[in-house]
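S.K.: My file is run_5.csv. It has CSV, C-alpha atoms:
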```csv
chain,number,residue,atom,x,y,z
A,1,MET,CA,341.8,-136.4,32.4
A,2,THR,CA,342.9,-139.2,34.7
A,3,ASN,CA,344.7,-141.1,31.9
A,4,GLN,CA,346.4,-137.9,30.8
A,5,LEU,CA,347.5,-137.1,34.3
A,6,ASP,CA,348.8,-140.6,35.0
A,7,GLN,CA,350.7,-140.6,31.7
A,8,THR,CA,352.1,-137.2,32.4
A,9,LEU,CA,353.3,-138.3,35.8
A,10,ASN,CA,354.9,-141.5,34.3
A,11,ASN,CA,356.6,-139.4,31.6
A,12,TYR,CA,358.0,-137.1,34.3
A,13,ILE,CA,359.3,-140.0,36.3
A,14,ASP,CA,361.0,-141.4,33.1
A,15,ALA,CA,362.5,-137.9,32.5
A,16,LEU,CA,363.9,-137.8,36.1
A,17,ALA,CA,365.3,-141.3,35.6
A,18,SER,CA,367.1,-140.1,32.5
A,19,GLN,CA,369.1,-137.6,34.6
A,20,SER,CA,368.5,-135.0,31.9
A,21,TRP,CA,367.4,-131.5,32.9
A,22,GLU,CA,366.4,-131.0,29.2
A,23,ALA,CA,364.0,-133.9,29.5
A,24,ALA,CA,362.6,-132.9,32.9
A,25,SER,CA,362.4,-129.2,32.3
A,26,VAL,CA,359.3,-129.5,30.0
A,27,PHE,CA,357.3,-130.6,33.0
A,28,PHE,CA,357.9,-127.4,35.1
A,29,HIS,CA,355.9,-124.2,35.1
A,30,GLU,CA,358.1,-121.1,34.8
A,31,ASN,CA,357.1,-120.0,38.3
A,32,ALA,CA,357.4,-123.4,40.0
A,33,THR,CA,358.9,-124.0,43.4
A,34,VAL,CA,360.8,-127.2,44.3
A,35,VAL,CA,361.6,-128.2,47.9
A,36,PHE,CA,364.4,-130.8,48.4
A,37,ALA,CA,366.2,-131.8,51.6
A,38,GLU,CA,369.1,-129.5,50.7
A,39,GLY,CA,367.1,-126.4,49.7
A,40,THR,CA,364.1,-124.7,48.2
A,41,TYR,CA,364.3,-123.4,44.6
A,42,HIS,CA,362.0,-120.8,43.0
A,43,GLY,CA,361.6,-120.5,39.3
A,44,LYS,CA,362.5,-122.8,36.4
A,45,SER,CA,366.1,-121.5,36.1
A,46,ALA,CA,366.9,-122.1,39.8
A,47,ILE,CA,365.3,-125.5,39.6
A,48,GLY,CA,367.3,-126.4,36.6
A,49,ASN,CA,370.6,-125.5,38.2
A,50,ALA,CA,369.7,-127.6,41.3
A,51,MET,CA,368.7,-130.6,39.2
A,52,LYS,CA,371.7,-130.4,37.0
A,53,LYS,CA,374.0,-130.3,40.1
A,54,THR,CA,372.1,-133.3,41.5
A,55,PHE,CA,372.3,-135.2,38.3
A,56,SER,CA,376.0,-134.6,38.0
A,57,LEU,CA,376.7,-136.0,41.5
A,58,ILE,CA,374.6,-139.2,41.3
A,59,LYS,CA,375.8,-141.9,38.9
A,60,ASP,CA,373.9,-145.1,37.9
A,61,GLU,CA,370.7,-143.7,39.4
A,62,LEU,CA,367.5,-145.7,39.6
A,63,PHE,CA,364.4,-143.8,40.6
A,64,ASP,CA,361.0,-145.4,41.1
A,65,ILE,CA,357.7,-144.3,42.6
A,66,GLN,CA,354.9,-146.3,44.2
A,67,ASP,CA,351.7,-145.9,46.1
A,68,VAL,CA,350.6,-142.9,44.1
A,69,ARG,CA,347.6,-141.2,45.6
A,70,TRP,CA,345.8,-138.5,43.7
A,71,ASN,CA,344.3,-136.1,46.3
A,72,LEU,CA,342.4,-133.9,43.9
A,73,LYS,CA,341.9,-133.7,40.2
A,74,THR,CA,340.0,-130.9,38.4
A,75,ASP,CA,340.2,-129.7,34.8
A,76,ALA,CA,342.9,-127.2,35.8
A,77,PHE,CA,344.5,-128.5,39.0
A,78,ALA,CA,345.7,-131.7,40.5
A,79,THR,CA,347.8,-132.9,43.4
A,80,CYS,CA,349.3,-136.3,44.3
A,81,ASN,CA,351.5,-137.9,46.9
A,82,PHE,CA,353.7,-141.0,46.5
A,83,ASN,CA,356.6,-142.9,48.0
A,84,PHE,CA,359.8,-143.1,46.1
A,85,LYS,CA,363.0,-145.0,46.2
A,86,TRP,CA,366.2,-143.9,44.6
A,87,THR,CA,369.5,-145.8,44.3
A,88,GLY,CA,372.7,-144.3,43.0
A,89,THR,CA,376.4,-143.9,43.4
A,90,ILE,CA,377.9,-140.8,44.9
A,91,ASN,CA,381.7,-140.4,45.1
A,92,GLY,CA,382.1,-144.1,44.5
A,93,LYS,CA,379.7,-145.2,47.3
A,94,ARG,CA,376.4,-146.8,46.6
A,95,PHE,CA,373.3,-145.3,48.4
A,96,THR,CA,369.7,-146.3,48.6
A,97,ASN,CA,367.2,-143.7,49.9
A,98,PRO,CA,363.5,-144.1,50.3
A,99,GLY,CA,361.4,-141.0,50.5
A,100,ARG,CA,358.0,-139.4,49.8
A,101,GLY,CA,356.9,-136.8,47.4
A,102,THR,CA,354.2,-134.3,46.6
A,103,LEU,CA,353.5,-132.9,43.2
A,104,VAL,CA,351.0,-130.0,42.5
A,105,TRP,CA,350.1,-129.7,38.8
A,106,ILE,CA,348.3,-126.9,36.9
A,107,LYS,CA,347.0,-127.2,33.4
A,108,GLU,CA,348.2,-124.4,31.1
A,109,ASP,CA,347.7,-124.2,27.4
A,110,GLY,CA,346.6,-127.8,27.4
A,111,ASN,CA,349.6,-129.1,29.2
A,112,TRP,CA,350.0,-130.3,32.8
A,113,LEU,CA,352.9,-128.5,34.5
A,114,ILE,CA,354.4,-128.9,37.9
A,115,ILE,CA,353.9,-125.7,40.0
A,116,ASN,CA,355.2,-127.2,43.2
A,117,GLU,CA,357.3,-130.3,44.0
A,118,HIS,CA,358.4,-131.5,47.4
A,119,PHE,CA,360.7,-134.6,47.8
A,120,GLY,CA,361.7,-135.5,51.3
A,121,PRO,CA,362.7,-138.4,53.6
A,122,MET,CA,360.3,-141.0,55.0
A,123,PRO,CA,359.1,-140.2,58.5
A,124,ARG,CA,361.2,-141.6,61.3
```
Would you write the structure of this file as structure tokens?
M.R.:
Amino acid sequence: MTNQLDQTLNNYIDALASQSWEAASVFFHENATVVFAEGTYHGKSAIGNAMKKTFSLIKDELFDIQDVRWNLKTDAFATCNFNFKWTGTINGKRFTNPGRGTLVWIKEDGNWLIINEHFGPMPR
């Protein structure tokens, strides 16, 4: 289970780095909720629209996670926290923004899917 979860997380991060909703979408449950700094999105369709908009705004993005901490792993449920760093160009200006994230996974039909995601800034 641990190796499958770690590999799924790594594959998800690679999908985010590709800036492709098609690549990232396979990791989300139909009823997922995502919380970003700019809003909360319920359902895969709303999440897709938000991510496509974000991907279209940020050019030359680099996204990396570190300090992954698995809080709980069962045969059907898992949750982890991590720190992330993204760098990208928005409207011609280069930005770097560290943050932290939480992912809640459920296993459905043999696949680990995100049911809840929260990306936010580092504490001040």
S.K.: Please build the interface table for region 3-97 of chain A against region 112-118 of chain A with a cut-off of 9 Å, listing for each qualifying residue the nearest atom pair and the distance in Å to one decimal; count all atoms listed in the file, order rows by chain and increasing number, and write it as JSON lines.
M.R.:
```
{"residue": "A:Gln4", "atom": "CA", "partner": "A:Trp112", "partner_atom": "CA", "distance": 8.6}
{"residue": "A:Leu5", "atom": "CA", "partner": "A:Trp112", "partner_atom": "CA", "distance": 7.4}
{"residue": "A:Thr8", "atom": "CA", "partner": "A:Trp112", "partner_atom": "CA", "distance": 7.2}
{"residue": "A:Val26", "atom": "CA", "partner": "A:Leu113", "partner_atom": "CA", "distance": 7.9}
{"residue": "A:Phe27", "atom": "CA", "partner": "A:Leu113", "partner_atom": "CA", "distance": 5.1}
{"residue": "A:Phe28", "atom": "CA", "partner": "A:Ile114", "partner_atom": "CA", "distance": 4.7}
{"residue": "A:His29", "atom": "CA", "partner": "A:Leu113", "partner_atom": "CA", "distance": 5.3}
{"residue": "A:Glu30", "atom": "CA", "partner": "A:Ile115", "partner_atom": "CA", "distance": 8.1}
{"residue": "A:Asn31", "atom": "CA", "partner": "A:Ile115", "partner_atom": "CA", "distance": 6.8}
{"residue": "A:Ala32", "atom": "CA", "partner": "A:Ile115", "partner_atom": "CA", "distance": 4.2}
{"residue": "A:Thr33", "atom": "CA", "partner": "A:Asn116", "partner_atom": "CA", "distance": 4.9}
{"residue": "A:Val34", "atom": "CA", "partner": "A:Glu117", "partner_atom": "CA", "distance": 4.7}
{"residue": "A:Val35", "atom": "CA", "partner": "A:His118", "partner_atom": "CA", "distance": 4.6}
{"residue": "A:Phe36", "atom": "CA", "partner": "A:His118", "partner_atom": "CA", "distance": 6.1}
{"residue": "A:Ala37", "atom": "CA", "partner": "A:His118", "partner_atom": "CA", "distance": 8.9}
{"residue": "A:Thr40", "atom": "CA", "partner": "A:His118", "partner_atom": "CA", "distance": 8.9}
{"residue": "A:Ala76", "atom": "CA", "partner": "A:Trp112", "partner_atom": "CA", "distance": 8.3}
{"residue": "A:Phe77", "atom": "CA", "partner": "A:Trp112", "partner_atom": "CA", "distance": 8.5}
{"residue": "A:Ala78", "atom": "CA", "partner": "A:Trp112", "partner_atom": "CA", "distance": 8.9}
```
S.K.: Since we have the selection now, will you write its residues out, keeping C-alpha atoms, as a PDB file, keeping the file's coordinate frame?
M.R.:
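Writing done, so here's again_11.pdb:
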```pdb
ATOM      1  CA  GLN A   4     346.400-137.900  30.800  1.00  0.00           C
ATOM      2  CA  LEU A   5     347.500-137.100  34.300  1.00  0.00           C
ATOM      3  CA  THR A   8     352.100-137.200  32.400  1.00  0.00           C
ATOM      4  CA  VAL A  26     359.300-129.500  30.000  1.00  0.00           C
ATOM      5  CA  PHE A  27     357.300-130.600  33.000  1.00  0.00           C
ATOM      6  CA  PHE A  28     357.900-127.400  35.100  1.00  0.00           C
ATOM      7  CA  HIS A  29     355.900-124.200  35.100  1.00  0.00           C
ATOM      8  CA  GLU A  30     358.100-121.100  34.800  1.00  0.00           C
ATOM      9  CA  ASN A  31     357.100-120.000  38.300  1.00  0.00           C
ATOM     10  CA  ALA A  32     357.400-123.400  40.000  1.00  0.00           C
ATOM     11  CA  THR A  33     358.900-124.000  43.400  1.00  0.00           C
ATOM     12  CA  VAL A  34     360.800-127.200  44.300  1.00  0.00           C
ATOM     13  CA  VAL A  35     361.600-128.200  47.900  1.00  0.00           C
ATOM     14  CA  PHE A  36     364.400-130.800  48.400  1.00  0.00           C
ATOM     15  CA  ALA A  37     366.200-131.800  51.600  1.00  0.00           C
ATOM     16  CA  THR A  40     364.100-124.700  48.200  1.00  0.00           C
ATOM     17  CA  ALA A  76     342.900-127.200  35.800  1.00  0.00           C
ATOM     18  CA  PHE A  77     344.500-128.500  39.000  1.00  0.00           C
ATOM     19  CA  ALA A  78     345.700-131.700  40.500  1.00  0.00           C
TER      20      ALA A  78
END
```
S.K.: So that I can see what lies close to region 59-68 of chain A, please list as a VMD selection string the residues with an atom at most 8 Å from it, counting only C-alpha atoms and leaving out residues fewer than 5 positions away in the same chain.
M.R.: chain A and resid 13 16 to 17 19 80 to 90
S.K.: Rounded to one decimal, what separation in Å do you get between CA of Ile106 (chain A) and CA of Leu9 (chain A)?
M.R.: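 Going from CA of Ile106 (chain A) over to CA of Leu9 (chain A), I get 12.5 Å.
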S.K.: Using CA of Asn91 (chain A) and CA of Asn10 (chain A) as the two end points, give the distance in Å to one decimal.
M.R.: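 Pair CA of Asn91 (chain A) / CA of Asn10 (chain A) returns 28.9 Å.
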S.K.: Taking only C-alpha atoms into account, name the residue in A:Phe55, A:Tyr41, A:Phe119, A:Tyr12 that is nearest to Gly99 (chain A).
M.R.: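 Smallest distance to Gly99 (chain A) is found for A:Phe119.
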S.K.: Using all atoms listed in the file, pick whichever of A:Lys53, A:His42, A:Lys107, A:Arg124 has the shortest atom-to-atom distance to Asp75 (chain A).
M.R.: A:Lys107
S.K.: Please, what distance in Å, to one decimal, runs between CA of Lys93 (chain A) and CA of Ile58 (chain A)?
M.R.: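 Taking CA of Lys93 (chain A) and CA of Ile58 (chain A), their separation equals 9.9 Å.
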S.K.: With all atoms listed in the file as the atoms that count, which of A:Lys52, A:Gly120, A:Asp109, A:Gly43 lies nearest to Ala23 (chain A)?
M.R.: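 Closest to Ala23 (chain A), using all atoms listed in the file: A:Lys52.
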S.K.: If I wrap all listed atoms of region 14-32 of chain A in a box with edges along x, y and z and add 5 Å on each side, what are its centre and edge lengths in Å to one decimal, as JSON?
M.R.:
```
{"center_x": 362.5, "center_y": -130.7, "center_z": 34.6, "size_x": 23.2, "size_y": 31.4, "size_z": 20.8}
```
